[in-house]
Amino acid sequence: MSEKIYVGVDVGGTAIKVGICNVEGELLHTYEGPTETSKGTDTILHNIAQYARNIVSESPFAWEQVEGIGVGIAGFLDIPNGIVKFSGNLKIENVHLKEYLEKELQVKVLVNNDANVAALGEAWAGAGKGIDNCVCYTLGTGVGGGIIIGGKIVEGFAGMAGELGHIAIVPDLEAIQCGCGKMGCLESVSSATGIIRMAKDAVERGDRTVLSTVEDIMAKDVIDAAKAGDEVASRIVSRAAYYLGKSMALMAVVLNPECFIIGGGVSKAGDFLFDQIREVFEKYTQKEAQEGVKIVAATLGNNAGVVGAAGLILRS
């Protein structure tokens, strides 16, 4: 029998990335094309299907070897039925993505949240390889999350499980409004956006910091200043780490994962950030719930989405 292959599609607002994986989660071939969001829903759907065809046609594999196609997409989804209820990035609404692709491509299609599939990618073939129970954080513009238990994505009854960035963890007296409209979310302090906001607030207050000389502050600027010993920047990074560690302490006693995986741009701060997170985690987590638990960096980078999407077919 010919080797089975698994196609993963990571649909972003600018580009659609496609990958072919084998049964071990090894990424064998990649393809990328523009999403063309401005051209509307029909064009986006056409592009997803066409790019899936393209990657197989330019690879050494035949279409008959495709076991299925997984799709990761940002937005509010009806996961069992593969319906995109709303995606702000793509400006689409009530799109029956699974039904469309299965009709066009004549193979099994599964659709899931982009953060969930990135988590599955890391669990299947990245930092969590060989681990069936892990919690993944993506620290970027927001705080994305995904929970893998027993090797499968935890979705919840409405597909909202794993929204780690919206754990209301900041006390009321310190809380600000998150982009979701609620107060005190983890995302408001531990994302790149949150770190930048805290830095700009410090500069506006007149705090003595090298960040006052930076014209357009980015999260990396804050982290670099903290590493260099700037007290204001150090407090900001420590606050971001503190609430990440506390959220992991909560997850530890609810889910008891073997591993926490942290990816996204902010994670590039490395051990400077991770050591602080570990310290807080150990302080607030019961000994039995933290024993043997690892907090590690993601390893797949931008490929986590396509690998995890392909993994939907195997791990469904």
# chains A, B, ... in the order shown; residues from 1 in each chain; ligands from 1
>>> select_by_dssp(residues="stretch 120-224 of chain A", states="alpha helix (DSSP H)", output="MDAnalysis selection string")
chainID A and resid 120:125 187:190 192:205 219:224
>>> residues_around(residues="A:Val266", least_positions_apart="5", cutoff="8 Å", atoms="only C-alpha atoms", output="MDAnalysis selection string")
chainID A and resid 139:140 191:192 219:220
>>> closest_residue(among="A:Ala240, A:Leu28, A:Leu90, A:Ile147", to="A:Thr14", atoms="only C-alpha atoms")
A:Leu90
>>> residues_around(residues="A:Ser212", least_positions_apart="4", cutoff="12 Å", atoms="only C-alpha atoms", output="PDB file with all heavy atoms, in the first residue's frame")
ATOM      1  N   ALA A 199       4.770  49.483  28.965  1.00  0.00           N
ATOM      2  CA  ALA A 199       5.976  50.295  28.728  1.00  0.00           C
ATOM      3  C   ALA A 199       5.607  51.725  28.357  1.00  0.00           C
ATOM      4  O   ALA A 199       6.195  52.687  28.868  1.00  0.00           O
ATOM      5  CB  ALA A 199       6.813  49.654  27.628  1.00  0.00           C
ATOM      6  N   LYS A 200       4.632  51.882  27.487  1.00  0.00           N
ATOM      7  CA  LYS A 200       4.203  53.227  27.079  1.00  0.00           C
ATOM      8  C   LYS A 200       3.604  53.991  28.256  1.00  0.00           C
ATOM      9  O   LYS A 200       3.822  55.198  28.405  1.00  0.00           O
ATOM     10  CB  LYS A 200       3.202  53.134  25.930  1.00  0.00           C
ATOM     11  CG  LYS A 200       3.839  52.703  24.610  1.00  0.00           C
ATOM     12  CD  LYS A 200       2.824  52.656  23.479  1.00  0.00           C
ATOM     13  CE  LYS A 200       3.503  52.309  22.160  1.00  0.00           C
ATOM     14  NZ  LYS A 200       2.523  52.226  21.046  1.00  0.00           N
ATOM     15  N   ASP A 201       2.858  53.277  29.111  1.00  0.00           N
ATOM     16  CA  ASP A 201       2.293  53.909  30.307  1.00  0.00           C
ATOM     17  C   ASP A 201       3.408  54.430  31.220  1.00  0.00           C
ATOM     18  O   ASP A 201       3.310  55.529  31.776  1.00  0.00           O
ATOM     19  CB  ASP A 201       1.424  52.921  31.082  1.00  0.00           C
ATOM     20  CG  ASP A 201       0.098  52.633  30.400  1.00  0.00           C
ATOM     21  OD1 ASP A 201      -0.246  53.365  29.451  1.00  0.00           O
ATOM     22  OD2 ASP A 201      -0.595  51.682  30.818  1.00  0.00           O
ATOM     23  N   ALA A 202       4.466  53.624  31.352  1.00  0.00           N
ATOM     24  CA  ALA A 202       5.593  54.030  32.207  1.00  0.00           C
ATOM     25  C   ALA A 202       6.290  55.266  31.658  1.00  0.00           C
ATOM     26  O   ALA A 202       6.654  56.179  32.405  1.00  0.00           O
ATOM     27  CB  ALA A 202       6.581  52.867  32.329  1.00  0.00           C
ATOM     28  N   VAL A 203       6.460  55.293  30.342  1.00  0.00           N
ATOM     29  CA  VAL A 203       7.102  56.454  29.717  1.00  0.00           C
ATOM     30  C   VAL A 203       6.233  57.702  29.899  1.00  0.00           C
ATOM     31  O   VAL A 203       6.730  58.794  30.231  1.00  0.00           O
ATOM     32  CB  VAL A 203       7.368  56.177  28.216  1.00  0.00           C
ATOM     33  CG1 VAL A 203       7.819  57.460  27.516  1.00  0.00           C
ATOM     34  CG2 VAL A 203       8.425  55.080  28.053  1.00  0.00           C
ATOM     35  N   GLU A 204       4.924  57.543  29.701  1.00  0.00           N
ATOM     36  CA  GLU A 204       4.010  58.676  29.847  1.00  0.00           C
ATOM     37  C   GLU A 204       3.967  59.194  31.283  1.00  0.00           C
ATOM     38  O   GLU A 204       3.770  60.393  31.513  1.00  0.00           O
ATOM     39  CB  GLU A 204       2.614  58.276  29.375  1.00  0.00           C
ATOM     40  CG  GLU A 204       2.506  58.107  27.868  1.00  0.00           C
ATOM     41  CD  GLU A 204       1.143  57.602  27.435  1.00  0.00           C
ATOM     42  OE1 GLU A 204       0.233  57.535  28.299  1.00  0.00           O
ATOM     43  OE2 GLU A 204       0.982  57.286  26.245  1.00  0.00           O
ATOM     44  N   ARG A 205       4.171  58.312  32.253  1.00  0.00           N
ATOM     45  CA  ARG A 205       4.205  58.729  33.656  1.00  0.00           C
ATOM     46  C   ARG A 205       5.493  59.466  33.997  1.00  0.00           C
ATOM     47  O   ARG A 205       5.614  60.085  35.053  1.00  0.00           O
ATOM     48  CB  ARG A 205       4.092  57.509  34.587  1.00  0.00           C
ATOM     49  CG  ARG A 205       2.712  56.920  34.724  1.00  0.00           C
ATOM     50  CD  ARG A 205       2.655  55.968  35.916  1.00  0.00           C
ATOM     51  NE  ARG A 205       3.683  54.942  35.856  1.00  0.00           N
ATOM     52  CZ  ARG A 205       3.514  53.730  35.329  1.00  0.00           C
ATOM     53  NH1 ARG A 205       2.344  53.398  34.800  1.00  0.00           N
ATOM     54  NH2 ARG A 205       4.504  52.859  35.327  1.00  0.00           N
ATOM     55  N   GLY A 206       6.487  59.335  33.130  1.00  0.00           N
ATOM     56  CA  GLY A 206       7.776  59.964  33.384  1.00  0.00           C
ATOM     57  C   GLY A 206       8.732  59.095  34.159  1.00  0.00           C
ATOM     58  O   GLY A 206       9.730  59.592  34.716  1.00  0.00           O
ATOM     59  N   ASP A 207       8.469  57.763  34.201  1.00  0.00           N
ATOM     60  CA  ASP A 207       9.389  56.856  34.888  1.00  0.00           C
ATOM     61  C   ASP A 207      10.764  56.902  34.207  1.00  0.00           C
ATOM     62  O   ASP A 207      10.857  57.027  32.979  1.00  0.00           O
ATOM     63  CB  ASP A 207       8.855  55.419  34.846  1.00  0.00           C
ATOM     64  CG  ASP A 207       7.594  55.240  35.674  1.00  0.00           C
ATOM     65  OD1 ASP A 207       7.170  56.227  36.321  1.00  0.00           O
ATOM     66  OD2 ASP A 207       7.030  54.127  35.665  1.00  0.00           O
ATOM     67  N   ARG A 208      11.803  56.786  35.014  1.00  0.00           N
ATOM     68  CA  ARG A 208      13.164  56.811  34.466  1.00  0.00           C
ATOM     69  C   ARG A 208      13.493  55.463  33.837  1.00  0.00           C
ATOM     70  O   ARG A 208      13.652  54.450  34.524  1.00  0.00           O
ATOM     71  CB  ARG A 208      14.163  57.136  35.576  1.00  0.00           C
ATOM     72  CG  ARG A 208      13.989  58.555  36.153  1.00  0.00           C
ATOM     73  CD  ARG A 208      15.065  58.861  37.172  1.00  0.00           C
ATOM     74  NE  ARG A 208      16.397  58.838  36.579  1.00  0.00           N
ATOM     75  CZ  ARG A 208      17.506  59.029  37.274  1.00  0.00           C
ATOM     76  NH1 ARG A 208      17.458  59.229  38.595  1.00  0.00           N
ATOM     77  NH2 ARG A 208      18.681  59.012  36.666  1.00  0.00           N
ATOM     78  N   ASP A 216       9.342  53.940  18.741  1.00  0.00           N
ATOM     79  CA  ASP A 216       8.184  53.057  18.570  1.00  0.00           C
ATOM     80  C   ASP A 216       8.462  51.765  19.355  1.00  0.00           C
ATOM     81  O   ASP A 216       9.057  50.826  18.835  1.00  0.00           O
ATOM     82  CB  ASP A 216       7.962  52.762  17.083  1.00  0.00           C
ATOM     83  CG  ASP A 216       6.696  51.967  16.825  1.00  0.00           C
ATOM     84  OD1 ASP A 216       5.838  51.909  17.732  1.00  0.00           O
ATOM     85  OD2 ASP A 216       6.560  51.397  15.723  1.00  0.00           O
ATOM     86  N   ILE A 217       8.033  51.726  20.591  1.00  0.00           N
ATOM     87  CA  ILE A 217       8.392  50.627  21.496  1.00  0.00           C
ATOM     88  C   ILE A 217       7.765  49.321  21.036  1.00  0.00           C
ATOM     89  O   ILE A 217       6.560  49.254  20.756  1.00  0.00           O
ATOM     90  CB  ILE A 217       7.945  50.949  22.932  1.00  0.00           C
ATOM     91  CG1 ILE A 217       8.641  52.197  23.456  1.00  0.00           C
ATOM     92  CG2 ILE A 217       8.233  49.758  23.859  1.00  0.00           C
ATOM     93  CD1 ILE A 217       8.140  52.661  24.812  1.00  0.00           C
ATOM     94  N   ASP A 221      12.026  45.422  22.574  1.00  0.00           N
ATOM     95  CA  ASP A 221      12.746  46.540  23.193  1.00  0.00           C
ATOM     96  C   ASP A 221      12.646  46.464  24.718  1.00  0.00           C
ATOM     97  O   ASP A 221      13.621  46.710  25.433  1.00  0.00           O
ATOM     98  CB  ASP A 221      12.178  47.878  22.719  1.00  0.00           C
ATOM     99  CG  ASP A 221      12.325  48.085  21.221  1.00  0.00           C
ATOM    100  OD1 ASP A 221      13.386  47.732  20.678  1.00  0.00           O
ATOM    101  OD2 ASP A 221      11.379  48.599  20.597  1.00  0.00           O
ATOM    102  N   VAL A 222      11.462  46.124  25.197  1.00  0.00           N
ATOM    103  CA  VAL A 222      11.238  46.034  26.642  1.00  0.00           C
ATOM    104  C   VAL A 222      12.051  44.880  27.228  1.00  0.00           C
ATOM    105  O   VAL A 222      12.711  45.022  28.258  1.00  0.00           O
ATOM    106  CB  VAL A 222       9.737  45.851  26.954  1.00  0.00           C
ATOM    107  CG1 VAL A 222       9.506  45.819  28.468  1.00  0.00           C
ATOM    108  CG2 VAL A 222       8.907  46.969  26.318  1.00  0.00           C
ATOM    109  N   ALA A 225      15.764  45.726  27.210  1.00  0.00           N
ATOM    110  CA  ALA A 225      16.079  46.683  28.267  1.00  0.00           C
ATOM    111  C   ALA A 225      16.084  46.002  29.639  1.00  0.00           C
ATOM    112  O   ALA A 225      16.933  46.301  30.492  1.00  0.00           O
ATOM    113  CB  ALA A 225      15.065  47.828  28.256  1.00  0.00           C
ATOM    114  N   ASP A 230      17.500  47.528  33.105  1.00  0.00           N
ATOM    115  CA  ASP A 230      16.581  48.652  33.282  1.00  0.00           C
ATOM    116  C   ASP A 230      15.480  48.242  34.265  1.00  0.00           C
ATOM    117  O   ASP A 230      14.768  47.252  34.043  1.00  0.00           O
ATOM    118  CB  ASP A 230      15.972  49.038  31.936  1.00  0.00           C
ATOM    119  CG  ASP A 230      15.084  50.264  32.010  1.00  0.00           C
ATOM    120  OD1 ASP A 230      13.885  50.106  32.332  1.00  0.00           O
ATOM    121  OD2 ASP A 230      15.585  51.361  31.774  1.00  0.00           O
ATOM    122  N   VAL A 232      12.555  49.625  35.201  1.00  0.00           N
ATOM    123  CA  VAL A 232      11.173  49.721  34.738  1.00  0.00           C
ATOM    124  C   VAL A 232      10.836  48.557  33.816  1.00  0.00           C
ATOM    125  O   VAL A 232       9.809  47.881  33.972  1.00  0.00           O
ATOM    126  CB  VAL A 232      10.925  51.067  34.032  1.00  0.00           C
ATOM    127  CG1 VAL A 232       9.555  51.084  33.351  1.00  0.00           C
ATOM    128  CG2 VAL A 232      11.034  52.209  35.030  1.00  0.00           C
ATOM    129  N   ALA A 233      11.714  48.300  32.848  1.00  0.00           N
ATOM    130  CA  ALA A 233      11.499  47.186  31.919  1.00  0.00           C
ATOM    131  C   ALA A 233      11.487  45.856  32.666  1.00  0.00           C
ATOM    132  O   ALA A 233      10.685  44.969  32.354  1.00  0.00           O
ATOM    133  CB  ALA A 233      12.579  47.184  30.845  1.00  0.00           C
TER     134      ALA A 233
END
>>> residues_around(residues="A:Val296", least_positions_apart="6", cutoff="9 Å", atoms="only C-alpha atoms", output="list in words")
Ala127, Gly128, Cys259, Phe260, Ile261, Ile262, Gly263 and Phe274 of chain A
>>> write_last_selection(atoms="all heavy atoms", output="PDB file, in the first residue's frame")
ATOM      1  N   ALA A 127       7.848  20.298  20.678  1.00  0.00           N
ATOM      2  CA  ALA A 127       8.400  20.253  22.035  1.00  0.00           C
ATOM      3  C   ALA A 127       7.711  19.228  22.925  1.00  0.00           C
ATOM      4  O   ALA A 127       8.287  18.771  23.911  1.00  0.00           O
ATOM      5  CB  ALA A 127       8.293  21.637  22.674  1.00  0.00           C
ATOM      6  N   GLY A 128       6.476  18.863  22.576  1.00  0.00           N
ATOM      7  CA  GLY A 128       5.741  17.890  23.380  1.00  0.00           C
ATOM      8  C   GLY A 128       5.690  16.504  22.776  1.00  0.00           C
ATOM      9  O   GLY A 128       4.862  15.678  23.197  1.00  0.00           O
ATOM     10  N   CYS A 259       3.501  18.863  30.700  1.00  0.00           N
ATOM     11  CA  CYS A 259       4.362  19.868  30.081  1.00  0.00           C
ATOM     12  C   CYS A 259       3.570  21.117  29.717  1.00  0.00           C
ATOM     13  O   CYS A 259       2.422  21.029  29.268  1.00  0.00           O
ATOM     14  CB  CYS A 259       4.974  19.255  28.813  1.00  0.00           C
ATOM     15  SG  CYS A 259       6.139  20.307  27.940  1.00  0.00           S
ATOM     16  N   PHE A 260       4.181  22.279  29.946  1.00  0.00           N
ATOM     17  CA  PHE A 260       3.685  23.546  29.428  1.00  0.00           C
ATOM     18  C   PHE A 260       4.632  23.980  28.321  1.00  0.00           C
ATOM     19  O   PHE A 260       5.852  24.038  28.519  1.00  0.00           O
ATOM     20  CB  PHE A 260       3.653  24.620  30.521  1.00  0.00           C
ATOM     21  CG  PHE A 260       2.598  24.408  31.565  1.00  0.00           C
ATOM     22  CD1 PHE A 260       2.909  23.771  32.753  1.00  0.00           C
ATOM     23  CD2 PHE A 260       1.295  24.834  31.360  1.00  0.00           C
ATOM     24  CE1 PHE A 260       1.941  23.573  33.731  1.00  0.00           C
ATOM     25  CE2 PHE A 260       0.319  24.643  32.326  1.00  0.00           C
ATOM     26  CZ  PHE A 260       0.643  24.012  33.515  1.00  0.00           C
ATOM     27  N   ILE A 261       4.077  24.286  27.159  1.00  0.00           N
ATOM     28  CA  ILE A 261       4.875  24.690  26.006  1.00  0.00           C
ATOM     29  C   ILE A 261       4.552  26.146  25.682  1.00  0.00           C
ATOM     30  O   ILE A 261       3.382  26.510  25.560  1.00  0.00           O
ATOM     31  CB  ILE A 261       4.573  23.802  24.788  1.00  0.00           C
ATOM     32  CG1 ILE A 261       4.885  22.336  25.109  1.00  0.00           C
ATOM     33  CG2 ILE A 261       5.376  24.263  23.569  1.00  0.00           C
ATOM     34  CD1 ILE A 261       4.417  21.359  24.049  1.00  0.00           C
ATOM     35  N   ILE A 262       5.582  26.962  25.550  1.00  0.00           N
ATOM     36  CA  ILE A 262       5.386  28.387  25.299  1.00  0.00           C
ATOM     37  C   ILE A 262       6.020  28.766  23.967  1.00  0.00           C
ATOM     38  O   ILE A 262       7.217  28.561  23.756  1.00  0.00           O
ATOM     39  CB  ILE A 262       5.995  29.248  26.416  1.00  0.00           C
ATOM     40  CG1 ILE A 262       5.471  28.803  27.787  1.00  0.00           C
ATOM     41  CG2 ILE A 262       5.671  30.719  26.183  1.00  0.00           C
ATOM     42  CD1 ILE A 262       6.104  29.544  28.947  1.00  0.00           C
ATOM     43  N   GLY A 263       5.208  29.316  23.075  1.00  0.00           N
ATOM     44  CA  GLY A 263       5.694  29.765  21.780  1.00  0.00           C
ATOM     45  C   GLY A 263       5.311  31.217  21.539  1.00  0.00           C
ATOM     46  O   GLY A 263       4.833  31.909  22.437  1.00  0.00           O
ATOM     47  N   PHE A 274      11.557  32.553  31.060  1.00  0.00           N
ATOM     48  CA  PHE A 274      11.120  31.230  31.504  1.00  0.00           C
ATOM     49  C   PHE A 274      11.493  30.970  32.964  1.00  0.00           C
ATOM     50  O   PHE A 274      10.719  30.361  33.706  1.00  0.00           O
ATOM     51  CB  PHE A 274      11.728  30.151  30.604  1.00  0.00           C
ATOM     52  CG  PHE A 274      11.013  29.976  29.290  1.00  0.00           C
ATOM     53  CD1 PHE A 274      10.799  31.044  28.438  1.00  0.00           C
ATOM     54  CD2 PHE A 274      10.551  28.732  28.900  1.00  0.00           C
ATOM     55  CE1 PHE A 274      10.150  30.892  27.234  1.00  0.00           C
ATOM     56  CE2 PHE A 274       9.889  28.553  27.693  1.00  0.00           C
ATOM     57  CZ  PHE A 274       9.692  29.640  26.857  1.00  0.00           C
TER      58      PHE A 274
END
>>> closest_residue(among="A:Ala115, A:Ala175, A:Cys180, A:Leu27", to="A:Glu155", atoms="only C-alpha atoms")
A:Ala115
>>> residues_around(residues="stretch 182-189 of chain A", least_positions_apart="3", cutoff="8 Å", atoms="only C-alpha atoms", output="VMD selection string")
chain A and resid 142 to 143 164 to 172 174 to 179 193 to 195 198 239 to 240 243 to 244 247
>>> select_by_dssp(residues="stretch 214-272 of chain A", states="strand (DSSP E)", output="list in words")
Cys259, Phe260, Ile261, Ile262 and Gly263 of chain A
>>> write_last_selection(atoms="N, CA, C and O atoms", output="compact mmCIF listing (two decimals), in the first residue's frame")
# COMPACT_ATOMS: atom_id res chain seq x y z
N CYS A 259 3.50 18.86 30.70
CA CYS A 259 4.36 19.87 30.08
C CYS A 259 3.57 21.12 29.72
O CYS A 259 2.42 21.03 29.27
N PHE A 260 4.18 22.28 29.95
CA PHE A 260 3.69 23.55 29.43
C PHE A 260 4.63 23.98 28.32
O PHE A 260 5.85 24.04 28.52
N ILE A 261 4.08 24.29 27.16
CA ILE A 261 4.87 24.69 26.01
C ILE A 261 4.55 26.15 25.68
O ILE A 261 3.38 26.51 25.56
N ILE A 262 5.58 26.96 25.55
CA ILE A 262 5.39 28.39 25.30
C ILE A 262 6.02 28.77 23.97
O ILE A 262 7.22 28.56 23.76
N GLY A 263 5.21 29.32 23.07
CA GLY A 263 5.69 29.77 21.78
C GLY A 263 5.31 31.22 21.54
O GLY A 263 4.83 31.91 22.44
